[in-house]
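See structure below.
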Amino acid sequence: MESELKFDKDGDGLIENSGYADQTYDGWVVSGASAYCGGLWIAAVCVMCKMARLLDCESVYQRYRDLLERGSAAFDKLLWNGQYYNYDSSGRPFSNSIMSDQCAGQWFLRASGLGEGDFQAFPTEKVRQALRTVFDLNVMQFAGGKMGAVNGMRPEGVPDCSSVQSDEVWVGVVYGLAATMIHEGMVEEGMRAAEGCYRTVWERLGMAFQTPEAYCERGIFRSLAYMRPLSIWAMQLALERRAAQPEGSEAAETVPQSTHTVSSTETVETRLNTGTDSNTVPPKETEPETRNGVPHTDAVPPNSSVQSSDQDLVSSKEGDSCTSAQ
């Protein structure tokens, strides 16, 4: 942690990115304070405070508490725009894009059993507002709300095409986003976002056991059998954590739904088992074959609601780019 402070160039308690793709989105340039790296940094500082308390090390606690307070204030001042956290603070044309992974720091804290009380780093209502924005735009305005969350979305409701990764869907990121939503009481929205990835990978692309790192709206995919989608287990953790919360606690409450209302007349489990979602009810004959109780699809039936042409279901062999044709 001490070595990372060298990236806090202005001493405000928040690290800055260096003007190139210096993080896991290694094809997506980021400059200055950023929602992704900055949020993860703030979360890590918060965890340092918790560790210092457990070890009864007051000097370390006070040092990182000061960093947390100053860094959180800078994060809010530089990135919050009233609806979500901007991609970065550079002021470039795409710096106000809506990143699906902007609340990764809060996910990290919730998964660690923190994120509220003395160890809260991000204002609850701002986190939930950001997640509602991501759901309304990155999920529901992308591919009819049926392919998960696109990494980057412009405020006007079109994907961010500024890089080869901003207009992709990263399956593991979507499952992490879904887990964050569940932690924050947006259970239906989280399951809807994850359902888009599940149906795309299992039914549209036919990759039940070869989940790719990324795909884009045309169905082009890359990096099969990637490890990031193992974050689906974070959804299980989030569900278990919510179930264990005392009734009436903040962590157990269900927040108001987003602009795009998810149907409350059927459970998510029912939708997954019957092949329906809140917008489409495919005819019975289009339901996927099951093998030992597990949905399996070798080919998409021609009248399926997830029908795609052969041209859409090809992997790019000329490079690692998954950018949609414009």
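Within each chain, counting starts at residue 1; across the structure tokens, chains are named A, B, ... in the order shown, with ligands numbered 1 upward in that order.
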- Task: Run DSSP on the backbone of this structure and report the residues of range 10-121 of chain A it assigns to helix (DSSP H, G or I), as a PyMOL selection string.
- Result: chain A and resi 35-54+58-79+104-111+117-119
Output for the residues just chosen: C-alpha atoms as a PDB file, in the first residue's frame:
```pdb
ATOM      1  CA  ALA A  35     -13.920   5.201 -10.988  1.00  0.00           C
ATOM      2  CA  TYR A  36     -12.381   1.744 -11.369  1.00  0.00           C
ATOM      3  CA  CYS A  37      -8.842   2.132 -10.014  1.00  0.00           C
ATOM      4  CA  GLY A  38      -9.744   4.950  -7.657  1.00  0.00           C
ATOM      5  CA  GLY A  39     -12.625   2.952  -6.199  1.00  0.00           C
ATOM      6  CA  LEU A  40     -10.465  -0.118  -5.668  1.00  0.00           C
ATOM      7  CA  TRP A  41      -7.825   2.050  -4.006  1.00  0.00           C
ATOM      8  CA  ILE A  42     -10.356   3.598  -1.608  1.00  0.00           C
ATOM      9  CA  ALA A  43     -11.655   0.124  -0.756  1.00  0.00           C
ATOM     10  CA  ALA A  44      -8.128  -1.129  -0.074  1.00  0.00           C
ATOM     11  CA  VAL A  45      -7.452   1.845   2.219  1.00  0.00           C
ATOM     12  CA  CYS A  46     -10.671   1.055   4.083  1.00  0.00           C
ATOM     13  CA  VAL A  47      -9.542  -2.547   4.568  1.00  0.00           C
ATOM     14  CA  MET A  48      -6.220  -1.278   5.935  1.00  0.00           C
ATOM     15  CA  CYS A  49      -8.195   0.617   8.586  1.00  0.00           C
ATOM     16  CA  LYS A  50      -9.991  -2.586   9.530  1.00  0.00           C
ATOM     17  CA  MET A  51      -6.738  -4.548   9.684  1.00  0.00           C
ATOM     18  CA  ALA A  52      -5.132  -1.903  11.898  1.00  0.00           C
ATOM     19  CA  ARG A  53      -8.106  -2.081  14.264  1.00  0.00           C
ATOM     20  CA  LEU A  54      -7.877  -5.875  14.465  1.00  0.00           C
ATOM     21  CA  GLU A  58      -3.454   2.930  16.380  1.00  0.00           C
ATOM     22  CA  SER A  59      -0.777   4.781  14.404  1.00  0.00           C
ATOM     23  CA  VAL A  60      -1.457   2.751  11.267  1.00  0.00           C
ATOM     24  CA  TYR A  61      -5.201   3.168  11.787  1.00  0.00           C
ATOM     25  CA  GLN A  62      -4.935   6.953  12.035  1.00  0.00           C
ATOM     26  CA  ARG A  63      -2.697   7.148   8.951  1.00  0.00           C
ATOM     27  CA  TYR A  64      -5.082   5.165   6.787  1.00  0.00           C
ATOM     28  CA  ARG A  65      -8.191   6.751   8.274  1.00  0.00           C
ATOM     29  CA  ASP A  66      -6.818  10.110   7.166  1.00  0.00           C
ATOM     30  CA  LEU A  67      -6.121   8.699   3.708  1.00  0.00           C
ATOM     31  CA  LEU A  68      -9.625   7.239   3.563  1.00  0.00           C
ATOM     32  CA  GLU A  69     -11.348  10.492   4.462  1.00  0.00           C
ATOM     33  CA  ARG A  70      -9.297  12.611   2.064  1.00  0.00           C
ATOM     34  CA  GLY A  71      -9.352  10.037  -0.732  1.00  0.00           C
ATOM     35  CA  SER A  72     -13.102   9.467  -0.487  1.00  0.00           C
ATOM     36  CA  ALA A  73     -13.731  13.216  -0.609  1.00  0.00           C
ATOM     37  CA  ALA A  74     -11.509  13.557  -3.691  1.00  0.00           C
ATOM     38  CA  PHE A  75     -13.171  10.555  -5.365  1.00  0.00           C
ATOM     39  CA  ASP A  76     -16.590  12.122  -4.860  1.00  0.00           C
ATOM     40  CA  LYS A  77     -15.521  15.612  -5.929  1.00  0.00           C
ATOM     41  CA  LEU A  78     -13.668  14.539  -9.059  1.00  0.00           C
ATOM     42  CA  LEU A  79     -15.951  11.785 -10.370  1.00  0.00           C
ATOM     43  CA  ALA A 104     -15.951  -2.534  -8.025  1.00  0.00           C
ATOM     44  CA  GLY A 105     -14.565  -1.013  -4.835  1.00  0.00           C
ATOM     45  CA  GLN A 106     -17.923  -1.318  -3.097  1.00  0.00           C
ATOM     46  CA  TRP A 107     -18.209  -4.923  -4.281  1.00  0.00           C
ATOM     47  CA  PHE A 108     -14.790  -5.635  -2.759  1.00  0.00           C
ATOM     48  CA  LEU A 109     -15.870  -4.138   0.564  1.00  0.00           C
ATOM     49  CA  ARG A 110     -19.216  -5.926   0.686  1.00  0.00           C
ATOM     50  CA  ALA A 111     -17.597  -9.255  -0.148  1.00  0.00           C
ATOM     51  CA  GLY A 117     -20.657   1.798   9.646  1.00  0.00           C
ATOM     52  CA  ASP A 118     -17.102   2.714  10.626  1.00  0.00           C
ATOM     53  CA  PHE A 119     -15.802   0.995   7.508  1.00  0.00           C
TER      54      PHE A 119
END
```
Report as JSON lines: every residue of range 22-138 of chain A with an atom at most 8 Å from range 147-167 of chain A, its closest pair of atoms, and their distance in Å to one decimal, counting only C-alpha atoms, with rows sorted by chain and ascending residue number.
```
{"residue": "A:Tyr25", "atom": "CA", "partner": "A:Gln165", "partner_atom": "CA", "distance": 7.0}
{"residue": "A:Gly27", "atom": "CA", "partner": "A:Gln165", "partner_atom": "CA", "distance": 6.1}
{"residue": "A:Trp28", "atom": "CA", "partner": "A:Ser163", "partner_atom": "CA", "distance": 5.6}
{"residue": "A:Val29", "atom": "CA", "partner": "A:Ser163", "partner_atom": "CA", "distance": 7.9}
{"residue": "A:Phe94", "atom": "CA", "partner": "A:Ser162", "partner_atom": "CA", "distance": 7.3}
{"residue": "A:Asn96", "atom": "CA", "partner": "A:Arg154", "partner_atom": "CA", "distance": 7.5}
{"residue": "A:Ser97", "atom": "CA", "partner": "A:Arg154", "partner_atom": "CA", "distance": 4.9}
{"residue": "A:Ile98", "atom": "CA", "partner": "A:Met153", "partner_atom": "CA", "distance": 5.0}
{"residue": "A:Met99", "atom": "CA", "partner": "A:Gly152", "partner_atom": "CA", "distance": 4.7}
{"residue": "A:Ser100", "atom": "CA", "partner": "A:Asn151", "partner_atom": "CA", "distance": 5.1}
{"residue": "A:Asp101", "atom": "CA", "partner": "A:Asn151", "partner_atom": "CA", "distance": 7.1}
{"residue": "A:Val134", "atom": "CA", "partner": "A:Ala149", "partner_atom": "CA", "distance": 7.8}
{"residue": "A:Phe135", "atom": "CA", "partner": "A:Ala149", "partner_atom": "CA", "distance": 7.6}
{"residue": "A:Leu137", "atom": "CA", "partner": "A:Gly157", "partner_atom": "CA", "distance": 6.0}
{"residue": "A:Asn138", "atom": "CA", "partner": "A:Ala149", "partner_atom": "CA", "distance": 4.9}
```
Output file for the selection above: N, CA and C atoms, as a PDB file, in the first residue's frame:
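Okay, this is what ended up in out31.pdb:
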```pdb
ATOM      1  N   TYR A  25      -8.246  -3.339 -17.701  1.00  0.00           N
ATOM      2  CA  TYR A  25      -8.784  -2.977 -19.015  1.00  0.00           C
ATOM      3  C   TYR A  25      -7.613  -2.462 -19.839  1.00  0.00           C
ATOM      4  N   GLY A  27      -6.730  -2.267 -22.808  1.00  0.00           N
ATOM      5  CA  GLY A  27      -6.860  -1.638 -24.112  1.00  0.00           C
ATOM      6  C   GLY A  27      -7.710  -0.384 -24.022  1.00  0.00           C
ATOM      7  N   TRP A  28      -7.987   0.076 -22.800  1.00  0.00           N
ATOM      8  CA  TRP A  28      -8.901   1.187 -22.566  1.00  0.00           C
ATOM      9  C   TRP A  28      -8.156   2.243 -21.753  1.00  0.00           C
ATOM     10  N   VAL A  29      -7.757   3.317 -22.405  1.00  0.00           N
ATOM     11  CA  VAL A  29      -6.934   4.348 -21.781  1.00  0.00           C
ATOM     12  C   VAL A  29      -7.709   5.067 -20.677  1.00  0.00           C
ATOM     13  N   PHE A  94     -14.579  11.167 -23.861  1.00  0.00           N
ATOM     14  CA  PHE A  94     -15.244   9.980 -23.344  1.00  0.00           C
ATOM     15  C   PHE A  94     -15.048   9.806 -21.828  1.00  0.00           C
ATOM     16  N   ASN A  96     -16.736  10.961 -19.448  1.00  0.00           N
ATOM     17  CA  ASN A  96     -17.994  10.821 -18.708  1.00  0.00           C
ATOM     18  C   ASN A  96     -18.775   9.580 -19.121  1.00  0.00           C
ATOM     19  N   SER A  97     -18.098   8.625 -19.744  1.00  0.00           N
ATOM     20  CA  SER A  97     -18.771   7.359 -20.067  1.00  0.00           C
ATOM     21  C   SER A  97     -19.176   6.639 -18.786  1.00  0.00           C
ATOM     22  N   ILE A  98     -20.190   5.807 -18.905  1.00  0.00           N
ATOM     23  CA  ILE A  98     -20.725   5.045 -17.773  1.00  0.00           C
ATOM     24  C   ILE A  98     -20.083   3.674 -17.796  1.00  0.00           C
ATOM     25  N   MET A  99     -19.226   3.401 -16.837  1.00  0.00           N
ATOM     26  CA  MET A  99     -18.505   2.131 -16.770  1.00  0.00           C
ATOM     27  C   MET A  99     -19.302   1.142 -15.923  1.00  0.00           C
ATOM     28  N   SER A 100     -19.514  -0.043 -16.445  1.00  0.00           N
ATOM     29  CA  SER A 100     -20.282  -1.029 -15.687  1.00  0.00           C
ATOM     30  C   SER A 100     -19.561  -1.444 -14.410  1.00  0.00           C
ATOM     31  N   ASP A 101     -18.238  -1.310 -14.394  1.00  0.00           N
ATOM     32  CA  ASP A 101     -17.407  -1.747 -13.269  1.00  0.00           C
ATOM     33  C   ASP A 101     -17.081  -0.607 -12.299  1.00  0.00           C
ATOM     34  N   VAL A 134     -26.315   2.234 -14.266  1.00  0.00           N
ATOM     35  CA  VAL A 134     -25.698   1.136 -15.021  1.00  0.00           C
ATOM     36  C   VAL A 134     -26.766   0.169 -15.518  1.00  0.00           C
ATOM     37  N   PHE A 135     -27.715  -0.160 -14.667  1.00  0.00           N
ATOM     38  CA  PHE A 135     -28.769  -1.089 -15.092  1.00  0.00           C
ATOM     39  C   PHE A 135     -29.599  -0.487 -16.223  1.00  0.00           C
ATOM     40  N   LEU A 137     -28.897   1.838 -18.401  1.00  0.00           N
ATOM     41  CA  LEU A 137     -28.197   2.122 -19.650  1.00  0.00           C
ATOM     42  C   LEU A 137     -27.317   0.962 -20.117  1.00  0.00           C
ATOM     43  N   ASN A 138     -26.346   0.545 -19.321  1.00  0.00           N
ATOM     44  CA  ASN A 138     -25.417  -0.507 -19.762  1.00  0.00           C
ATOM     45  C   ASN A 138     -26.102  -1.849 -19.960  1.00  0.00           C
TER      46      ASN A 138
END
```
- Message: Quick check for you: according to DSSP on this backbone, which residues of range 68-220 of chain A are classed as strand (DSSP E or B)? Reply as number ranges by chain.
- Response: A: 80, 85-86, 88, 98-99, 152-153, 159, 169-170, 214-215
Just the selected residues (all heavy atoms), exported as an mmCIF file, in the first residue's frame, please.
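Okay, this is what ended up in part_35.cif:
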```cif
data_model
loop_
_atom_site.group_PDB
_atom_site.id
_atom_site.type_symbol
_atom_site.label_atom_id
_atom_site.label_comp_id
_atom_site.auth_asym_id
_atom_site.auth_seq_id
_atom_site.Cartn_x
_atom_site.Cartn_y
_atom_site.Cartn_z
ATOM 1 N N TRP A 80 -18.075 12.094 -9.190
ATOM 2 C CA TRP A 80 -19.532 11.992 -9.087
ATOM 3 C C TRP A 80 -20.199 13.120 -9.863
ATOM 4 O O TRP A 80 -19.850 14.289 -9.720
ATOM 5 C CB TRP A 80 -19.970 12.034 -7.622
ATOM 6 C CG TRP A 80 -21.455 11.929 -7.448
ATOM 7 C CD1 TRP A 80 -22.343 12.888 -7.078
ATOM 8 C CD2 TRP A 80 -22.251 10.744 -7.676
ATOM 9 N NE1 TRP A 80 -23.621 12.400 -7.049
ATOM 10 C CE2 TRP A 80 -23.595 11.091 -7.417
ATOM 11 C CE3 TRP A 80 -21.936 9.443 -8.065
ATOM 12 C CZ2 TRP A 80 -24.631 10.164 -7.534
ATOM 13 C CZ3 TRP A 80 -22.977 8.524 -8.181
ATOM 14 C CH2 TRP A 80 -24.302 8.881 -7.917
ATOM 15 N N TYR A 85 -20.578 7.671 -11.314
ATOM 16 C CA TYR A 85 -19.190 8.101 -11.263
ATOM 17 C C TYR A 85 -18.622 8.105 -12.681
ATOM 18 O O TYR A 85 -18.694 7.088 -13.385
ATOM 19 C CB TYR A 85 -18.366 7.167 -10.370
ATOM 20 C CG TYR A 85 -18.760 7.225 -8.912
ATOM 21 C CD1 TYR A 85 -19.551 6.226 -8.345
ATOM 22 C CD2 TYR A 85 -18.356 8.284 -8.101
ATOM 23 C CE1 TYR A 85 -19.922 6.283 -7.012
ATOM 24 C CE2 TYR A 85 -18.719 8.345 -6.765
ATOM 25 C CZ TYR A 85 -19.506 7.345 -6.220
ATOM 26 O OH TYR A 85 -19.883 7.401 -4.905
ATOM 27 N N ASN A 86 -18.067 9.229 -13.116
ATOM 28 C CA ASN A 86 -17.475 9.309 -14.448
ATOM 29 C C ASN A 86 -16.356 8.283 -14.606
ATOM 30 O O ASN A 86 -15.703 7.895 -13.634
ATOM 31 C CB ASN A 86 -16.902 10.696 -14.703
ATOM 32 C CG ASN A 86 -17.975 11.742 -14.938
ATOM 33 O OD1 ASN A 86 -19.083 11.426 -15.378
ATOM 34 N ND2 ASN A 86 -17.663 12.989 -14.635
ATOM 35 N N ASP A 88 -13.353 8.676 -15.892
ATOM 36 C CA ASP A 88 -12.164 9.280 -15.291
ATOM 37 C C ASP A 88 -12.359 10.789 -15.218
ATOM 38 O O ASP A 88 -13.410 11.316 -15.610
ATOM 39 C CB ASP A 88 -10.880 8.885 -16.033
ATOM 40 C CG ASP A 88 -10.764 9.448 -17.443
ATOM 41 O OD1 ASP A 88 -11.406 10.482 -17.745
ATOM 42 O OD2 ASP A 88 -10.023 8.868 -18.256
ATOM 43 N N ILE A 98 -20.190 5.807 -18.905
ATOM 44 C CA ILE A 98 -20.725 5.045 -17.773
ATOM 45 C C ILE A 98 -20.083 3.674 -17.796
ATOM 46 O O ILE A 98 -20.358 2.854 -18.678
ATOM 47 C CB ILE A 98 -22.254 4.929 -17.872
ATOM 48 C CG1 ILE A 98 -22.883 6.319 -17.962
ATOM 49 C CG2 ILE A 98 -22.825 4.147 -16.689
ATOM 50 C CD1 ILE A 98 -24.234 6.328 -18.641
ATOM 51 N N MET A 99 -19.226 3.401 -16.837
ATOM 52 C CA MET A 99 -18.505 2.131 -16.770
ATOM 53 C C MET A 99 -19.302 1.142 -15.923
ATOM 54 O O MET A 99 -19.710 1.455 -14.800
ATOM 55 C CB MET A 99 -17.125 2.354 -16.165
ATOM 56 C CG MET A 99 -16.216 1.148 -16.232
ATOM 57 S SD MET A 99 -14.655 1.464 -15.377
ATOM 58 C CE MET A 99 -13.643 0.144 -16.073
ATOM 59 N N GLY A 152 -18.743 -0.115 -21.349
ATOM 60 C CA GLY A 152 -18.868 1.342 -21.365
ATOM 61 C C GLY A 152 -20.087 1.775 -22.164
ATOM 62 O O GLY A 152 -20.339 1.269 -23.251
ATOM 63 N N MET A 153 -20.819 2.718 -21.613
ATOM 64 C CA MET A 153 -22.000 3.250 -22.294
ATOM 65 C C MET A 153 -21.940 4.768 -22.224
ATOM 66 O O MET A 153 -21.522 5.340 -21.209
ATOM 67 C CB MET A 153 -23.275 2.735 -21.631
ATOM 68 C CG MET A 153 -24.563 3.221 -22.261
ATOM 69 S SD MET A 153 -24.832 2.610 -23.942
ATOM 70 C CE MET A 153 -25.609 1.026 -23.624
ATOM 71 N N PRO A 159 -23.251 2.488 -26.940
ATOM 72 C CA PRO A 159 -22.002 1.988 -26.373
ATOM 73 C C PRO A 159 -20.827 2.924 -26.638
ATOM 74 O O PRO A 159 -20.762 3.598 -27.662
ATOM 75 C CB PRO A 159 -21.807 0.638 -27.082
ATOM 76 C CG PRO A 159 -23.188 0.202 -27.436
ATOM 77 C CD PRO A 159 -23.901 1.477 -27.806
ATOM 78 N N VAL A 169 -18.734 -6.890 -23.675
ATOM 79 C CA VAL A 169 -19.276 -7.392 -22.416
ATOM 80 C C VAL A 169 -18.245 -8.353 -21.841
ATOM 81 O O VAL A 169 -17.839 -9.298 -22.519
ATOM 82 C CB VAL A 169 -20.614 -8.142 -22.635
ATOM 83 C CG1 VAL A 169 -21.101 -8.764 -21.326
ATOM 84 C CG2 VAL A 169 -21.666 -7.205 -23.204
ATOM 85 N N TRP A 170 -17.803 -8.124 -20.626
ATOM 86 C CA TRP A 170 -16.906 -9.052 -19.940
ATOM 87 C C TRP A 170 -17.744 -9.847 -18.948
ATOM 88 O O TRP A 170 -18.290 -9.286 -17.989
ATOM 89 C CB TRP A 170 -15.783 -8.302 -19.223
ATOM 90 C CG TRP A 170 -14.741 -7.758 -20.156
ATOM 91 C CD1 TRP A 170 -14.814 -7.673 -21.522
ATOM 92 C CD2 TRP A 170 -13.466 -7.208 -19.785
ATOM 93 N NE1 TRP A 170 -13.667 -7.115 -22.028
ATOM 94 C CE2 TRP A 170 -12.816 -6.817 -20.991
ATOM 95 C CE3 TRP A 170 -12.820 -7.020 -18.572
ATOM 96 C CZ2 TRP A 170 -11.554 -6.245 -20.997
ATOM 97 C CZ3 TRP A 170 -11.554 -6.440 -18.577
ATOM 98 C CH2 TRP A 170 -10.931 -6.065 -19.775
ATOM 99 N N ALA A 214 -14.854 -12.306 -23.101
ATOM 100 C CA ALA A 214 -15.583 -11.171 -23.647
ATOM 101 C C ALA A 214 -16.352 -11.558 -24.905
ATOM 102 O O ALA A 214 -15.981 -12.476 -25.626
ATOM 103 C CB ALA A 214 -14.606 -10.038 -23.973
ATOM 104 N N TYR A 215 -17.417 -10.819 -25.146
ATOM 105 C CA TYR A 215 -18.133 -10.877 -26.415
ATOM 106 C C TYR A 215 -18.731 -9.505 -26.673
ATOM 107 O O TYR A 215 -18.799 -8.654 -25.769
ATOM 108 C CB TYR A 215 -19.221 -11.968 -26.427
ATOM 109 C CG TYR A 215 -20.276 -11.837 -25.344
ATOM 110 C CD1 TYR A 215 -21.334 -10.934 -25.455
ATOM 111 C CD2 TYR A 215 -20.238 -12.648 -24.209
ATOM 112 C CE1 TYR A 215 -22.312 -10.838 -24.483
ATOM 113 C CE2 TYR A 215 -21.208 -12.557 -23.229
ATOM 114 C CZ TYR A 215 -22.240 -11.655 -23.366
ATOM 115 O OH TYR A 215 -23.199 -11.546 -22.391
#
```
- Contacts of Thr211 in chain A within 6 Å, only C-alpha atoms, excl. fewer than 3 positions in-chain, as a ChimeraX atom specification: /A:207,224-225
Using the selection just defined, write its residues with all heavy atoms as a tab-separated table (two decimals), in the first residue's frame.
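What follows is the written file out19.tsv:
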```tsv
chain	number	residue	atom	x	y	z
A	207	MET	N	-21.57	-22.13	-25.60
A	207	MET	CA	-20.28	-22.34	-24.92
A	207	MET	C	-20.49	-22.68	-23.45
A	207	MET	O	-19.91	-22.05	-22.57
A	207	MET	CB	-19.42	-21.08	-25.02
A	207	MET	CG	-19.03	-20.74	-26.43
A	207	MET	SD	-18.05	-19.24	-26.45
A	207	MET	CE	-17.74	-19.13	-28.20
A	224	LEU	N	-11.48	-18.00	-24.73
A	224	LEU	CA	-12.36	-19.02	-24.17
A	224	LEU	C	-11.82	-19.56	-22.84
A	224	LEU	O	-10.63	-19.50	-22.56
A	224	LEU	CB	-12.50	-20.18	-25.16
A	224	LEU	CG	-13.17	-19.86	-26.49
A	224	LEU	CD1	-13.26	-21.11	-27.34
A	224	LEU	CD2	-14.54	-19.25	-26.28
A	225	ALA	N	-12.73	-20.11	-22.05
A	225	ALA	CA	-12.40	-20.74	-20.76
A	225	ALA	C	-11.62	-19.79	-19.86
A	225	ALA	O	-10.68	-20.17	-19.18
A	225	ALA	CB	-11.64	-22.04	-20.98
```
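Near range 2-8 of chain A, within 10 Å and counting only C-alpha atoms, sit Leu14, Ile15, Glu16, Asn17, Ser18, Gly32, Ala33, Trp41 and Gly71 of chain A; same-chain residues fewer than 6 positions away were not included.
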- Message: Could you tell me how far CA of Val127 in chain A sits from CA of Ile182 in chain A, in Å to one decimal place?
- Response: 12.3 Å
- Item | Best match for closeness to Asn81 in chain A among A:Ser231, A:Ala179, A:Ala130, A:Gln102, counting only C-alpha atoms | A:Ala130
- Using only C-alpha atoms, the best pick from A:Leu230, A:Val30, A:Ala193, A:Val187 as closest to Gln210 in chain A would be A:Leu230
- Item | Polymer residues at most 8 Å from Arg228 in chain A, only C-alpha atoms, same-chain spacing of 4 or more positions, as JSON, numbers by chain | {"A": [171, 172, 173, 213]}
